[in-house]
$ cat structure.txt   # compact mmCIF, C-alpha atoms
# COMPACT_ATOMS: atom_id res chain seq x y z
CA MET S 1 -1.29 -16.96 12.12
CA LEU S 2 -3.52 -14.12 10.91
CA ALA S 3 -2.53 -11.92 13.87
CA VAL S 4 1.22 -12.46 13.47
CA ALA S 5 1.07 -11.86 9.72
CA THR S 6 -1.03 -8.70 10.13
CA ILE S 7 1.34 -7.29 12.75
CA GLY S 8 4.32 -8.00 10.48
CA PHE S 9 2.60 -6.30 7.57
CA ALA S 10 1.85 -3.24 9.71
CA LEU S 11 5.41 -2.98 11.04
CA THR S 12 7.08 -3.29 7.65
CA PHE S 13 4.61 -0.75 6.23
CA TRP S 14 5.53 1.57 9.09
CA ALA S 15 9.13 1.34 7.92
CA TRP S 16 8.10 1.70 4.27
CA ALA S 17 6.30 5.00 5.02
CA LEU S 18 8.96 6.69 7.14
CA LEU S 19 10.00 9.25 4.52
CA SER S 20 6.53 10.50 3.58
CA PRO S 21 5.76 12.56 6.74
CA LEU S 22 9.24 14.10 6.51
CA GLY S 23 8.71 15.31 2.93
CA ALA S 24 8.16 18.98 3.82
CA THR S 25 11.04 18.96 6.33
CA LEU S 26 13.44 17.40 3.84
CA ARG S 27 12.31 19.87 1.18
CA ASP S 28 13.48 22.75 3.34
CA GLN S 29 16.54 20.96 4.67
CA LEU S 30 17.80 19.88 1.23
CA GLN S 31 16.29 22.81 -0.73
CA LEU S 32 14.26 20.57 -3.01
CA SER S 33 11.85 21.52 -5.77
CA SER S 34 8.24 20.24 -5.67
CA PHE S 35 9.13 17.51 -8.16
CA GLU S 36 12.24 16.44 -6.23
CA GLN S 37 10.22 16.25 -3.02
CA SER S 38 7.58 14.13 -4.77
CA LEU S 39 10.28 11.87 -6.21
CA LEU S 40 11.90 11.42 -2.81
CA VAL S 41 8.75 10.14 -1.12
CA ALA S 42 7.64 8.13 -4.17
CA VAL S 43 10.81 6.05 -4.70
CA PRO S 44 10.12 3.62 -1.80
CA VAL S 45 6.61 3.18 -3.17
CA VAL S 46 7.67 2.09 -6.66
CA VAL S 47 10.48 -0.17 -5.43
CA GLY S 48 8.26 -1.79 -2.82
CA SER S 49 5.65 -2.32 -5.50
CA LEU S 50 7.86 -3.92 -8.13
CA GLY S 51 9.60 -5.98 -5.46
CA ARG S 52 6.30 -7.73 -4.72
CA ILE S 53 6.55 -9.65 -7.98
CA PRO S 54 9.65 -11.74 -7.07
CA VAL S 55 8.68 -11.83 -3.39
CA GLY S 56 5.24 -13.22 -4.21
CA ALA S 57 6.78 -15.87 -6.47
CA LEU S 58 9.30 -16.81 -3.77
CA THR S 59 6.51 -17.08 -1.20
CA ASP S 60 4.66 -19.59 -3.38
CA ARG S 61 7.81 -21.73 -3.23
CA LEU S 62 9.43 -21.01 0.17
CA GLY S 63 6.45 -20.08 2.33
CA ALA S 64 5.78 -17.16 4.64
CA ARG S 65 7.55 -18.68 7.62
CA ARG S 66 10.88 -18.02 5.90
CA MET S 67 9.99 -14.93 3.92
CA PHE S 68 8.41 -12.75 6.63
CA PRO S 69 11.39 -12.80 9.04
CA ALA S 70 13.90 -12.43 6.19
CA VAL S 71 12.25 -9.37 4.64
CA ALA S 72 11.65 -7.71 8.02
CA LEU S 73 15.29 -8.17 8.99
CA LEU S 74 16.66 -6.91 5.67
CA THR S 75 14.48 -3.79 5.93
CA VAL S 76 16.43 -2.80 9.04
CA LEU S 77 19.47 -1.92 6.90
CA PRO S 78 17.97 0.98 4.88
CA VAL S 79 16.11 2.20 7.98
CA VAL S 80 19.38 2.59 9.90
CA TYR S 81 21.10 4.13 6.86
CA LEU S 82 18.40 6.78 6.42
CA GLY S 83 18.37 7.59 10.11
CA HIS S 84 22.10 8.06 10.53
CA PHE S 85 23.94 8.42 7.23
CA ALA S 86 21.75 10.05 4.54
CA ASP S 87 22.53 13.76 4.13
CA SER S 88 21.77 14.64 0.49
CA LEU S 89 19.07 14.07 -2.12
CA ALA S 90 21.12 11.29 -3.73
CA ALA S 91 21.70 9.59 -0.38
CA TYR S 92 18.00 9.73 0.52
CA LEU S 93 17.05 8.35 -2.90
CA ILE S 94 19.44 5.43 -2.41
CA GLY S 95 18.11 4.75 1.07
CA GLY S 96 14.53 5.11 -0.15
CA PHE S 97 15.22 2.63 -2.93
CA PHE S 98 16.16 -0.11 -0.47
CA LEU S 99 13.49 1.01 2.01
CA GLY S 100 11.03 -0.16 -0.62
CA LEU S 101 11.75 -3.71 0.53
CA GLY S 102 9.41 -3.09 3.46
CA GLY S 103 6.52 -2.68 1.06
CA THR S 104 6.87 -6.18 -0.39
CA THR S 105 5.44 -8.09 2.59
CA PHE S 106 1.92 -7.72 1.22
CA ALA S 107 2.79 -10.39 -1.35
CA ILE S 108 3.92 -12.69 1.48
CA GLY S 109 0.83 -12.34 3.64
CA VAL S 110 -1.95 -12.74 1.09
CA PRO S 111 -1.12 -16.32 -0.03
CA PHE S 112 -0.29 -17.21 3.57
CA VAL S 113 -3.66 -16.04 4.91
CA ASN S 114 -5.49 -17.40 1.87
CA ALA S 115 -4.17 -20.91 2.64
CA TRP S 116 -5.36 -20.85 6.25
CA PHE S 117 -9.01 -19.82 5.64
CA PRO S 118 -11.95 -21.45 3.81
CA PRO S 119 -13.40 -19.61 0.78
CA ALA S 120 -16.44 -18.30 2.68
CA ARG S 121 -14.21 -16.40 5.14
CA ARG S 122 -11.30 -15.34 2.95
CA GLY S 123 -12.68 -11.92 2.11
CA LEU S 124 -12.88 -10.89 5.76
CA ALA S 125 -9.57 -12.58 6.66
CA LEU S 126 -7.72 -10.87 3.82
CA GLY S 127 -9.40 -7.59 4.73
CA ILE S 128 -8.15 -7.92 8.30
CA PHE S 129 -4.65 -8.71 7.03
CA GLY S 130 -4.86 -5.79 4.62
CA ALA S 131 -5.61 -3.51 7.56
CA GLY S 132 -1.91 -3.86 8.28
CA MET S 133 -1.47 -1.06 5.77
CA GLY S 134 -2.31 1.03 8.83
CA GLY S 135 1.43 0.95 9.44
CA THR S 136 1.45 4.07 7.29
CA ALA S 137 -0.83 5.68 9.89
CA ILE S 138 1.65 4.82 12.64
CA SER S 139 4.29 6.63 10.62
CA ALA S 140 2.01 9.61 9.96
CA PHE S 141 1.08 9.92 13.66
CA THR S 142 4.57 9.52 15.10
CA THR S 143 7.42 10.36 12.72
CA VAL S 144 7.29 14.16 12.78
CA GLN S 145 6.41 14.25 16.48
CA LEU S 146 9.26 11.93 17.51
CA THR S 147 11.71 13.76 15.28
CA THR S 148 10.83 17.03 17.01
CA ALA S 149 10.49 15.73 20.57
CA VAL S 150 13.52 13.42 20.71
CA ARG S 151 15.99 13.60 17.81
CA PRO S 152 15.82 13.29 13.99
CA SER S 153 17.13 9.71 13.98
CA PHE S 154 14.84 8.40 16.74
CA PRO S 155 11.90 7.21 14.56
CA PHE S 156 14.34 5.23 12.42
CA ASP S 157 16.06 3.72 15.47
CA LEU S 158 12.69 2.75 16.96
CA VAL S 159 11.53 1.05 13.76
CA ALA S 160 14.83 -0.81 13.42
CA VAL S 161 14.56 -2.25 16.93
CA VAL S 162 10.91 -3.23 16.42
CA LEU S 163 11.69 -5.01 13.13
CA VAL S 164 14.50 -7.01 14.69
CA GLY S 165 12.19 -8.12 17.47
CA TYR S 166 9.42 -9.04 15.04
CA SER S 167 11.82 -11.10 12.91
CA ALA S 168 12.61 -13.29 15.91
CA ILE S 169 8.94 -13.66 16.91
CA ALA S 170 7.85 -14.48 13.36
CA TRP S 171 10.52 -17.16 13.03
CA LEU S 172 9.30 -18.78 16.25
CA LEU S 173 5.53 -18.49 15.73
CA LEU S 174 4.68 -18.49 12.03
CA ARG S 175 3.81 -21.81 10.43
CA ASP S 176 2.78 -22.40 6.84
CA ARG S 177 -0.24 -24.63 6.41
CA PRO S 178 1.17 -28.16 5.94
CA ASP S 179 -1.03 -28.99 2.94
CA ARG S 180 -0.61 -25.65 1.17
CA PRO S 181 -0.08 -26.00 -2.59
CA ILE S 182 3.59 -25.45 -3.46
CA ALA S 183 4.33 -23.95 -6.86
CA THR S 184 6.61 -25.88 -9.19
CA GLY S 185 8.91 -24.76 -11.97
CA SER S 186 11.26 -21.82 -12.16
CA MET S 187 10.30 -18.32 -11.05
CA VAL S 188 10.50 -17.10 -14.64
CA ASP S 189 8.16 -19.82 -15.90
CA ARG S 190 5.67 -19.16 -13.10
CA LEU S 191 5.74 -15.44 -13.78
CA ARG S 192 5.19 -16.05 -17.48
CA THR S 193 2.17 -18.24 -16.70
CA THR S 194 0.84 -15.67 -14.26
CA LEU S 195 1.04 -12.90 -16.84
CA ARG S 196 -0.95 -15.01 -19.30
CA LEU S 197 -3.97 -15.01 -16.99
CA ALA S 198 -6.57 -12.41 -17.94
CA ALA S 199 -7.48 -12.11 -14.27
CA THR S 200 -3.96 -10.91 -13.48
CA TRP S 201 -4.28 -7.88 -15.73
CA GLN S 202 -7.86 -7.07 -14.79
CA LEU S 203 -7.22 -7.25 -11.05
CA SER S 204 -3.97 -5.33 -11.42
CA PHE S 205 -5.79 -2.40 -12.98
CA LEU S 206 -8.48 -2.36 -10.30
CA TYR S 207 -5.94 -2.53 -7.49
CA ALA S 208 -3.82 0.17 -9.13
CA VAL S 209 -6.79 2.51 -8.83
CA ALA S 210 -8.06 1.44 -5.39
CA PHE S 211 -4.86 0.85 -3.44
CA GLY S 212 -2.87 3.23 -5.63
CA GLY S 213 -5.29 5.99 -4.72
CA PHE S 214 -4.85 5.22 -1.05
CA VAL S 215 -1.04 5.21 -1.30
CA ALA S 216 -1.01 8.40 -3.32
CA PHE S 217 -3.09 10.24 -0.72
CA SER S 218 -1.09 8.88 2.20
CA VAL S 219 2.11 10.05 0.50
CA TYR S 220 1.00 13.41 -0.91
CA LEU S 221 -1.81 14.58 1.36
CA PRO S 222 0.54 16.14 3.97
CA THR S 223 2.15 18.25 1.24
CA TYR S 224 -1.26 19.18 -0.20
CA LEU S 225 -2.67 20.28 3.17
CA VAL S 226 0.38 22.41 3.92
CA SER S 227 0.34 24.05 0.48
CA ALA S 228 -3.40 24.46 -0.10
CA TYR S 229 -4.61 25.16 3.46
CA GLN S 230 -1.45 26.52 5.11
CA LEU S 231 -1.54 23.96 7.92
CA ASP S 232 1.58 23.37 9.95
CA ARG S 233 3.37 20.09 9.24
CA ALA S 234 2.37 18.31 12.44
CA ASP S 235 -1.32 19.14 11.91
CA ALA S 236 -1.16 17.98 8.28
CA ALA S 237 0.49 14.72 9.32
CA LEU S 238 -2.22 14.03 11.92
CA ARG S 239 -5.03 14.73 9.45
CA THR S 240 -3.37 12.41 6.95
CA ALA S 241 -3.19 9.76 9.65
CA GLY S 242 -6.96 10.11 10.08
CA PHE S 243 -7.40 9.48 6.34
CA VAL S 244 -5.21 6.38 6.57
CA VAL S 245 -6.95 5.02 9.68
CA LEU S 246 -10.37 5.26 8.05
CA ALA S 247 -9.14 3.56 4.85
CA VAL S 248 -7.57 0.81 6.96
CA ALA S 249 -10.77 0.34 8.98
CA THR S 250 -12.96 -0.01 5.91
CA ARG S 251 -10.72 -2.56 4.16
CA PRO S 252 -12.05 -5.47 6.27
CA VAL S 253 -15.53 -4.05 5.71
CA GLY S 254 -14.98 -4.34 1.96
CA GLY S 255 -13.83 -7.93 2.42
CA TRP S 256 -16.81 -8.76 4.63
CA LEU S 257 -19.25 -7.23 2.17
CA SER S 258 -17.63 -9.24 -0.62
CA ASP S 259 -18.11 -12.47 1.39
CA HIS S 260 -21.83 -11.75 1.73
CA PHE S 261 -22.59 -9.87 -1.51
CA ASP S 262 -21.16 -9.69 -5.01
CA PRO S 263 -17.61 -8.17 -4.80
CA VAL S 264 -18.18 -6.69 -8.26
CA ARG S 265 -21.05 -4.58 -6.89
CA VAL S 266 -18.91 -3.53 -3.92
CA LEU S 267 -16.15 -2.35 -6.27
CA VAL S 268 -18.46 -0.49 -8.63
CA THR S 269 -19.94 1.38 -5.68
CA ALA S 270 -16.51 2.19 -4.25
CA PHE S 271 -15.24 3.58 -7.55
CA GLY S 272 -18.40 5.61 -8.08
CA VAL S 273 -18.11 7.25 -4.66
CA THR S 274 -14.42 7.95 -5.26
CA ALA S 275 -15.13 9.68 -8.59
CA LEU S 276 -17.86 11.86 -7.11
CA LEU S 277 -15.81 12.94 -4.10
CA ALA S 278 -12.71 13.61 -6.22
CA LEU S 279 -14.78 16.20 -8.09
CA VAL S 280 -15.86 17.71 -4.77
CA ALA S 281 -12.23 17.85 -3.55
CA GLY S 282 -11.22 19.59 -6.75
CA LEU S 283 -13.44 22.54 -5.82
CA GLU S 284 -11.03 23.30 -2.93
CA LEU S 285 -13.85 23.89 -0.46
CA PRO S 286 -13.09 25.11 3.06
CA LEU S 287 -11.17 22.46 4.96
CA VAL S 288 -13.95 22.06 7.54
CA PRO S 289 -16.38 20.56 6.76
CA GLY S 290 -16.32 20.32 2.95
CA ALA S 291 -12.81 19.16 2.06
CA THR S 292 -12.51 17.01 5.19
CA ALA S 293 -15.74 15.17 4.36
CA ALA S 294 -14.58 14.62 0.77
CA PHE S 295 -11.21 13.20 1.77
CA LEU S 296 -12.63 10.96 4.50
CA GLY S 297 -15.32 9.71 2.14
CA MET S 298 -12.66 8.82 -0.45
CA ALA S 299 -10.66 7.06 2.27
CA ALA S 300 -13.65 4.87 3.13
CA ALA S 301 -14.41 4.09 -0.51
CA LEU S 302 -10.82 3.29 -1.43
CA GLY S 303 -10.36 1.15 1.67
CA ALA S 304 -13.47 -0.90 0.93
CA GLY S 305 -12.38 -1.21 -2.69
CA THR S 306 -9.01 -2.69 -1.79
CA GLY S 307 -10.71 -5.33 0.34
CA ALA S 308 -13.08 -6.21 -2.50
CA VAL S 309 -10.28 -6.60 -5.05
CA PHE S 310 -8.57 -9.34 -3.06
CA ALA S 311 -11.86 -11.07 -2.41
CA LEU S 312 -11.98 -11.34 -6.21
CA VAL S 313 -8.39 -12.64 -6.34
CA THR S 314 -9.30 -15.68 -4.26
CA ARG S 315 -12.30 -16.39 -6.51
CA MET S 316 -10.60 -15.89 -9.88
CA VAL S 317 -7.09 -17.34 -9.31
CA PRO S 318 -5.99 -20.97 -8.65
CA ALA S 319 -4.69 -21.47 -5.09
CA GLU S 320 -1.16 -22.41 -6.15
CA ARG S 321 -0.82 -19.13 -8.06
CA VAL S 322 -2.25 -16.74 -5.46
CA GLY S 323 1.23 -15.62 -4.35
CA SER S 324 2.47 -14.94 -7.87
CA VAL S 325 -0.72 -13.13 -8.89
CA THR S 326 -0.71 -11.19 -5.63
CA GLY S 327 2.83 -10.08 -6.37
CA VAL S 328 1.84 -8.67 -9.75
CA VAL S 329 -1.44 -7.18 -8.51
CA GLY S 330 0.29 -5.71 -5.46
CA ALA S 331 2.99 -4.23 -7.69
CA ALA S 332 0.32 -2.60 -9.82
CA GLY S 333 -1.30 -1.16 -6.70
CA GLY S 334 1.95 0.36 -5.51
CA LEU S 335 2.73 1.73 -8.96
CA GLY S 336 -0.73 3.23 -8.97
CA GLY S 337 0.39 5.21 -5.93
CA PHE S 338 3.73 6.20 -7.48
CA PHE S 339 2.55 8.33 -10.38
CA PRO S 340 -0.18 10.59 -8.88
CA PRO S 341 2.21 12.45 -6.51
CA LEU S 342 4.59 13.07 -9.41
CA VAL S 343 1.70 14.22 -11.61
CA MET S 344 0.44 16.50 -8.83
CA GLY S 345 3.92 17.98 -8.40
CA LEU S 346 4.18 18.71 -12.13
CA VAL S 347 0.59 20.03 -12.40
CA VAL S 348 0.96 22.37 -9.42
CA GLY S 349 4.36 23.54 -10.58
CA THR S 350 2.94 24.35 -14.02
CA THR S 351 -0.57 25.66 -13.27
CA GLY S 352 -0.51 26.52 -9.57
CA SER S 353 -3.76 24.54 -9.15
CA TYR S 354 -4.68 21.05 -7.98
CA LEU S 355 -7.92 20.87 -10.00
CA ILE S 356 -6.51 18.93 -12.97
CA GLY S 357 -5.11 16.28 -10.66
CA PHE S 358 -8.48 15.68 -9.00
CA LEU S 359 -10.24 15.59 -12.37
CA LEU S 360 -7.82 12.90 -13.54
CA LEU S 361 -8.59 10.87 -10.41
CA ALA S 362 -12.33 11.14 -11.07
CA VAL S 363 -11.98 10.02 -14.69
CA THR S 364 -9.76 7.09 -13.68
CA ALA S 365 -12.25 5.93 -11.04
CA VAL S 366 -15.11 6.06 -13.59
CA VAL S 367 -13.10 3.95 -16.06
CA ALA S 368 -12.28 1.43 -13.30
CA GLY S 369 -15.92 1.18 -12.30
CA ALA S 370 -17.00 0.59 -15.90
CA ALA S 371 -14.33 -2.11 -16.38
CA THR S 372 -15.46 -3.82 -13.18
CA ALA S 373 -19.09 -3.85 -14.23
CA THR S 374 -18.31 -5.37 -17.64
CA ALA S 375 -15.10 -7.34 -18.28
CA VAL S 376 -14.34 -8.24 -14.67
CA ARG S 377 -17.92 -9.34 -14.01
CA ARG S 378 -17.73 -11.72 -16.98
CA SER S 379 -14.36 -13.14 -15.88
CA ALA S 380 -15.57 -13.68 -12.32
CA ALA S 381 -18.68 -15.48 -13.56
CA ALA S 382 -16.57 -17.71 -15.83
CA SER S 383 -14.24 -18.61 -12.94
CA ALA S 384 -17.17 -19.56 -10.74
CA ALA S 385 -18.77 -21.75 -13.40

$ encode --input "structure.txt" --output "structure tokens"
Amino acid sequence: MLAVATIGFALTFWAWALLSPLGATLRDQLQLSSFEQSLLVAVPVVVGSLGRIPVGALTDRLGARRMFPAVALLTVLPVVYLGHFADSLAAYLIGGFFLGLGGTTFAIGVPFVNAWFPPARRGLALGIFGAGMGGTAISAFTTVQLTTAVRPSFPFDLVAVVLVGYSAIAWLLLRDRPDRPIATGSMVDRLRTTLRLAATWQLSFLYAVAFGGFVAFSVYLPTYLVSAYQLDRADAALRTAGFVVLAVATRPVGGWLSDHFDPVRVLVTAFGVTALLALVAGLELPLVPGATAAFLGMAAALGAGTGAVFALVTRMVPAERVGSVTGVVGAAGGLGGFFPPLVMGLVVGTTGSYLIGFLLLAVTAVVAGAATATAVRRSAAASAA
């Protein structure tokens, strides 16, 4: 069950991230400004994030066996549209809006995996599932290369075929745990109850910083490397893929550490490292080794942080509300990745420098670390009592 869910998460994230590696190409093709380019690659992020709220609530009621195949199959439609019919900024924004559906599967997988594993192993299991965010690395490694080597529509055609195949496999193999708690009441009532939980808001903020930072880098780093270091687009995409792969690899590590140590300590450490390395990145050191070390270090810290956040979810949230809370927390994480690229586009367009953007990241990480060490620590202790 864990393997099938993780593969589905990776494949739908691959679809969700198709536009990001093509940002520089579409900028030239459509003659976009820096802000328009940032908006184009950010729209799937915000839609996929907000969509996790209803998808998570539906998963609490309907189960992953129905939701995973349905969402994967529906994602095929915007993928085909973008590959064959989009030819203007408006058309790409429309396609990107519906492509966001691929980013909602996170809210399906977390309650599904949570139900199948005992508390002592949930951190690692959810970390392994979360490694499915490596689908963005698949996109970063392959999209530009396949577009150049075969034809512009080929990456979209490939993803569409893969998603159709996965939908059939998931329908045949996935099974919800028979004794899983099933949420009662209307979706609106369950969402209202979810939003009343202090843990929902606390965990949403932490995930907005940890996962949002990862998403923001995976979306904007290719543009940054091309602009700041004059790399060609293929090289920038491959380096971004390296960032993503490391963040993906350290997410299970963060979950494992949280199973064996205090997840609050894991998070505080992750945010502290992120703040320090954001300051280093803001100095715009030579790409090798200085900037590369800073970005890879942030990837490791952010990846471990995302694993630790969801280890806290399973400790602080009742089992029958994990899907609904995951939807809200996941939405916050995606929204956390939506704004930084837009801010970077505006900052660079106004000042010609990336320094302010990195300083804002450092300050945000410090605030998140302080909140984790105080309010979140108290809430986690109260939940365990």

$ residues_near_point --input "structure.txt" --point "(18.9, -0.2, 10.4)" --cutoff "12 Å" --atoms "only C-alpha atoms" --output "ChimeraX atom specification"
/S:15,72-85,95,98-99,153-164

$ residues_around --input "structure.txt" --residues "segment 45-48 of chain S" --least-positions-apart "6" --cutoff "6 Å" --atoms "only C-alpha atoms" --output "PyMOL selection string"
chain S and resi 100-101+103-104+334-335+338

$ write_last_selection --input "structure.txt" --atoms "C-alpha atoms" --output "PDB file, in the coordinates of the input"
ATOM      1  CA  GLY S 100      11.030  -0.160  -0.620  1.00  0.00           C
ATOM      2  CA  LEU S 101      11.750  -3.710   0.530  1.00  0.00           C
ATOM      3  CA  GLY S 103       6.520  -2.680   1.060  1.00  0.00           C
ATOM      4  CA  THR S 104       6.870  -6.180  -0.390  1.00  0.00           C
ATOM      5  CA  GLY S 334       1.950   0.360  -5.510  1.00  0.00           C
ATOM      6  CA  LEU S 335       2.730   1.730  -8.960  1.00  0.00           C
ATOM      7  CA  PHE S 338       3.730   6.200  -7.480  1.00  0.00           C
TER       8      PHE S 338
END

$ atom_distance --input "structure.txt" --atom1 "atom CA of Tyr166 of chain S" --atom2 "atom CA of Gly132 of chain S"
14.2 Å

$ residues_around --input "structure.txt" --residues "Ile128 of chain S" --least-positions-apart "5" --cutoff "8 Å" --atoms "all atoms listed in the file" --output "count of residues only"
3

$ closest_residue --input "structure.txt" --among "S:Val313, S:Ala375, S:Leu11, S:Leu285" --to "Gly102 of chain S" --atoms "all atoms listed in the file"
S:Leu11

$ closest_residue --input "structure.txt" --among "S:Ala57, S:Gly8, S:Ser33, S:Leu355" --to "Ser186 of chain S" --atoms "all atoms listed in the file"
S:Ala57

$ closest_residue --input "structure.txt" --among "S:Leu126, S:Ala24, S:Val329, S:Leu246" --to "Glu36 of chain S" --atoms "only C-alpha atoms"
S:Ala24

$ closest_residue --input "structure.txt" --among "S:Gln145, S:Asp189, S:Val71, S:Thr314" --to "Ala237 of chain S" --atoms "only C-alpha atoms"
S:Gln145

$ residues_near_point --input "structure.txt" --point "(-8.5, -6.7, -9.7)" --cutoff "9 Å" --atoms "only C-alpha atoms" --output "NGL selection string"
:S and (199-208 or 306 or 308-310 or 312-313 or 329 or 372 or 376)

$ atom_distance --input "structure.txt" --atom1 "atom CA of Glu284 of chain S" --atom2 "atom CA of Gly297 of chain S"
15.1 Å

$ axis_aligned_box --input "structure.txt" --around "segment 147-153 of chain S" --padding-each-side "5 Å" --output "JSON"
{"center_x": 13.8, "center_y": 13.4, "center_z": 17.3, "size_x": 16.6, "size_y": 17.3, "size_z": 16.7}

$ build_atoms --input "structure.txt" --residues "segment 349-368 of chain S" --atoms "N, CA and C atoms" --output "mmCIF file, keeping the file's coordinate frame"
data_model
loop_
_atom_site.group_PDB
_atom_site.id
_atom_site.type_symbol
_atom_site.label_atom_id
_atom_site.label_comp_id
_atom_site.auth_asym_id
_atom_site.auth_seq_id
_atom_site.Cartn_x
_atom_site.Cartn_y
_atom_site.Cartn_z
ATOM 1 N N GLY S 349 3.234 22.712 -10.149
ATOM 2 C CA GLY S 349 4.360 23.540 -10.580
ATOM 3 C C GLY S 349 4.074 24.301 -11.855
ATOM 4 N N THR S 350 3.232 23.721 -12.724
ATOM 5 C CA THR S 350 2.940 24.350 -14.020
ATOM 6 C C THR S 350 1.756 25.304 -13.950
ATOM 7 N N THR S 351 0.676 24.872 -13.267
ATOM 8 C CA THR S 351 -0.570 25.660 -13.270
ATOM 9 C C THR S 351 -0.847 26.379 -11.965
ATOM 10 N N GLY S 352 -0.219 25.935 -10.877
ATOM 11 C CA GLY S 352 -0.510 26.520 -9.570
ATOM 12 C C GLY S 352 -1.822 26.060 -8.984
ATOM 13 N N SER S 353 -2.462 25.025 -9.604
ATOM 14 C CA SER S 353 -3.760 24.540 -9.150
ATOM 15 C C SER S 353 -3.743 23.019 -9.061
ATOM 16 N N TYR S 354 -4.566 22.491 -8.135
ATOM 17 C CA TYR S 354 -4.680 21.050 -7.980
ATOM 18 C C TYR S 354 -5.873 20.468 -8.745
ATOM 19 N N LEU S 355 -6.670 21.311 -9.400
ATOM 20 C CA LEU S 355 -7.920 20.870 -10.000
ATOM 21 C C LEU S 355 -7.716 19.765 -11.026
ATOM 22 N N ILE S 356 -6.727 19.919 -11.914
ATOM 23 C CA ILE S 356 -6.510 18.930 -12.970
ATOM 24 C C ILE S 356 -6.206 17.562 -12.363
ATOM 25 N N GLY S 357 -5.433 17.544 -11.303
ATOM 26 C CA GLY S 357 -5.110 16.280 -10.660
ATOM 27 C C GLY S 357 -6.344 15.563 -10.136
ATOM 28 N N PHE S 358 -7.254 16.299 -9.505
ATOM 29 C CA PHE S 358 -8.480 15.680 -9.000
ATOM 30 C C PHE S 358 -9.408 15.243 -10.134
ATOM 31 N N LEU S 359 -9.425 15.996 -11.226
ATOM 32 C CA LEU S 359 -10.240 15.590 -12.370
ATOM 33 C C LEU S 359 -9.712 14.282 -12.969
ATOM 34 N N LEU S 360 -8.402 14.143 -13.032
ATOM 35 C CA LEU S 360 -7.820 12.900 -13.540
ATOM 36 C C LEU S 360 -8.175 11.716 -12.651
ATOM 37 N N LEU S 361 -8.186 11.929 -11.332
ATOM 38 C CA LEU S 361 -8.590 10.870 -10.410
ATOM 39 C C LEU S 361 -10.033 10.461 -10.654
ATOM 40 N N ALA S 362 -10.914 11.432 -10.839
ATOM 41 C CA ALA S 362 -12.330 11.140 -11.070
ATOM 42 C C ALA S 362 -12.525 10.328 -12.346
ATOM 43 N N VAL S 363 -11.855 10.730 -13.409
ATOM 44 C CA VAL S 363 -11.980 10.020 -14.690
ATOM 45 C C VAL S 363 -11.467 8.581 -14.546
ATOM 46 N N THR S 364 -10.332 8.418 -13.870
ATOM 47 C CA THR S 364 -9.760 7.090 -13.680
ATOM 48 C C THR S 364 -10.702 6.183 -12.897
ATOM 49 N N ALA S 365 -11.320 6.725 -11.849
ATOM 50 C CA ALA S 365 -12.250 5.930 -11.040
ATOM 51 C C ALA S 365 -13.476 5.517 -11.861
ATOM 52 N N VAL S 366 -13.968 6.391 -12.729
ATOM 53 C CA VAL S 366 -15.110 6.060 -13.590
ATOM 54 C C VAL S 366 -14.739 4.925 -14.535
ATOM 55 N N VAL S 367 -13.560 5.005 -15.148
ATOM 56 C CA VAL S 367 -13.100 3.950 -16.060
ATOM 57 C C VAL S 367 -12.985 2.616 -15.311
ATOM 58 N N ALA S 368 -12.427 2.648 -14.088
ATOM 59 C CA ALA S 368 -12.280 1.430 -13.300
ATOM 60 C C ALA S 368 -13.641 0.827 -12.956
#
